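J.: What follows is a structure written as structure tokens; I'll ask about it next.
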Amino acid sequence: MPLQTVGKRGHRGSDFFLPPSSRKECREQIQLHVDVLEQKEQELVHMKAQDEEKIINFMDLVKFEKQRVHTEFKHLHQMLEEKESIVLSSIKWVEEEGAKKCEHYNTSTQEQLMLLKQLKDSLKAKQQMPPRQLLQDIKDILHRSEEFQFQLHHSTPIPLDLEKQLNEAKSRNDSIIESLKKLGAPVTFNMASAHPDLSLSQDLKTVTLVMMRQNSSKEPVDPQRFFPFRCVLGSPGFSTGRHTWEVELSGHLGRACDVGVAWEQVPRKGSLTLEPASGFWLLHITRFECHVLTGRDSRENLQVCPRRVGVCLDLEGKEVSFYDADTNNHIYTFQASFQGKIFPFFRLLFSGTQITLSP
């Protein structure tokens, strides 16, 4: 029933009189509103807590991304400095050799100029002598004057072999610089292709083989994933140009992996034949050995066991080269004819094996 207010007689209308039943109903309605508001308050508090968690997660992601960019650019700067040092070292050697040759040339020409001056002074002195002294030994002096020649054909300022080495260094350095210019898209791991036992870092720069038990994983439905071989592709794939990246290998239980490139249409399921004829150009590396997989039943053993490996894919030059990233020494080069897009390729063999990409 609707509430009614009745003013007490003799008062100014500011006091109200409610029958007991009406007062009870009023309190019940107030409590109902309080309950509704408390429910809304709880919902708002819960929503606020969820939103604050989202804000915290968002800010953590912003912080992580900021740190990631800082780390990546720091690494890129370091890589550029290392490449610059490599480029300059070859030029420095040519410069030092050139300086030695130039010094030898200057010494030789200076000696010949001194001999020429002495001969010229001797002739001028003869001109001023009396007839008897003028004719003395004149034939010998004139003969030496006629026979004098500059001996420059044995002492050129820049030897041809040194010019050749400079041109070779320039060509090599141009190639390195061009490859660095094309590093617009750093290599990362392709999550869609990764075997289920492989764990990828959030920035897709590190992959780890977290387990290795027989039949530990069910075959994935996704046709892009490798199975049962514990493999993963890199991204992006390349169809033109020259591209270089480096991998660092580690593992607390030992490290063993295959590193290189693969054709885009290599099979993802079943047994893989990791040879060039099947679209794989790989370096097999463990803690104790390193070899290249040259055929189905053939390989070439190498006298290195690198922890950091550089891979250089030259699609125009039709080559895949490997080098020790710590020493910059060449390891091996495949000659290949590529058809279609080529991707970085990795296979991990031991539990705990970890591969980190740069840049």
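Ligands are numbered from 1 in the order shown, residues from 1 within each chain, and chains are lettered A, B, ... in the order they appear in the structure tokens.
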Please give the complete set of residues from segment 109-323 of chain A that DSSP, run on the backbone, assigns to strand (DSSP E), formatted as a ChimeraX atom specification.

T.: /A:188-189,198-200,206-209,231-235,242-250,256-263,280-286,290-295,298-302,308-314,319-323

J.: Counting only C-alpha atoms, which residue out of A:His330, A:Gln165, A:Glu246, A:Ser337 sits closest to Lys92 of chain A?

T.: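 Distance minimum relative to Lys92 of chain A lands on A:Gln165.
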
J.: If I take atom CA of Val221 of chain A and atom CA of Gly279 of chain A, how far is one from the other in Å, to one decimal?

T.: 23.7 Å

J.: I'd like the contact shell of Phe288 of chain A - 9 Å cut-off, only C-alpha atoms, skipping same-chain residues fewer than 2 positions apart - returned as a list in words.

T.: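 Here the qualifying residues turn out to be Ile285, Thr286, Cys290, Val304 and Cys305 of chain A.
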
J.: At a cut-off of 8 Å, using only C-alpha atoms, what residues contact segment 168-176 of chain A? Leave out same-chain residues fewer than 6 positions from it and give the result as a list in words.

T.: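 That gives Lys83, Val87, Ser90 and Ile91 of chain A.
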
J.: Find the spatial neighbours of Ile138 of chain A, counting only C-alpha atoms, within a cut-off of 12 Å - ignore same-chain residues fewer than 6 positions away - and output them as a PyMOL selection string.

T.: chain A and resi 122-127+129+131-132+144-145
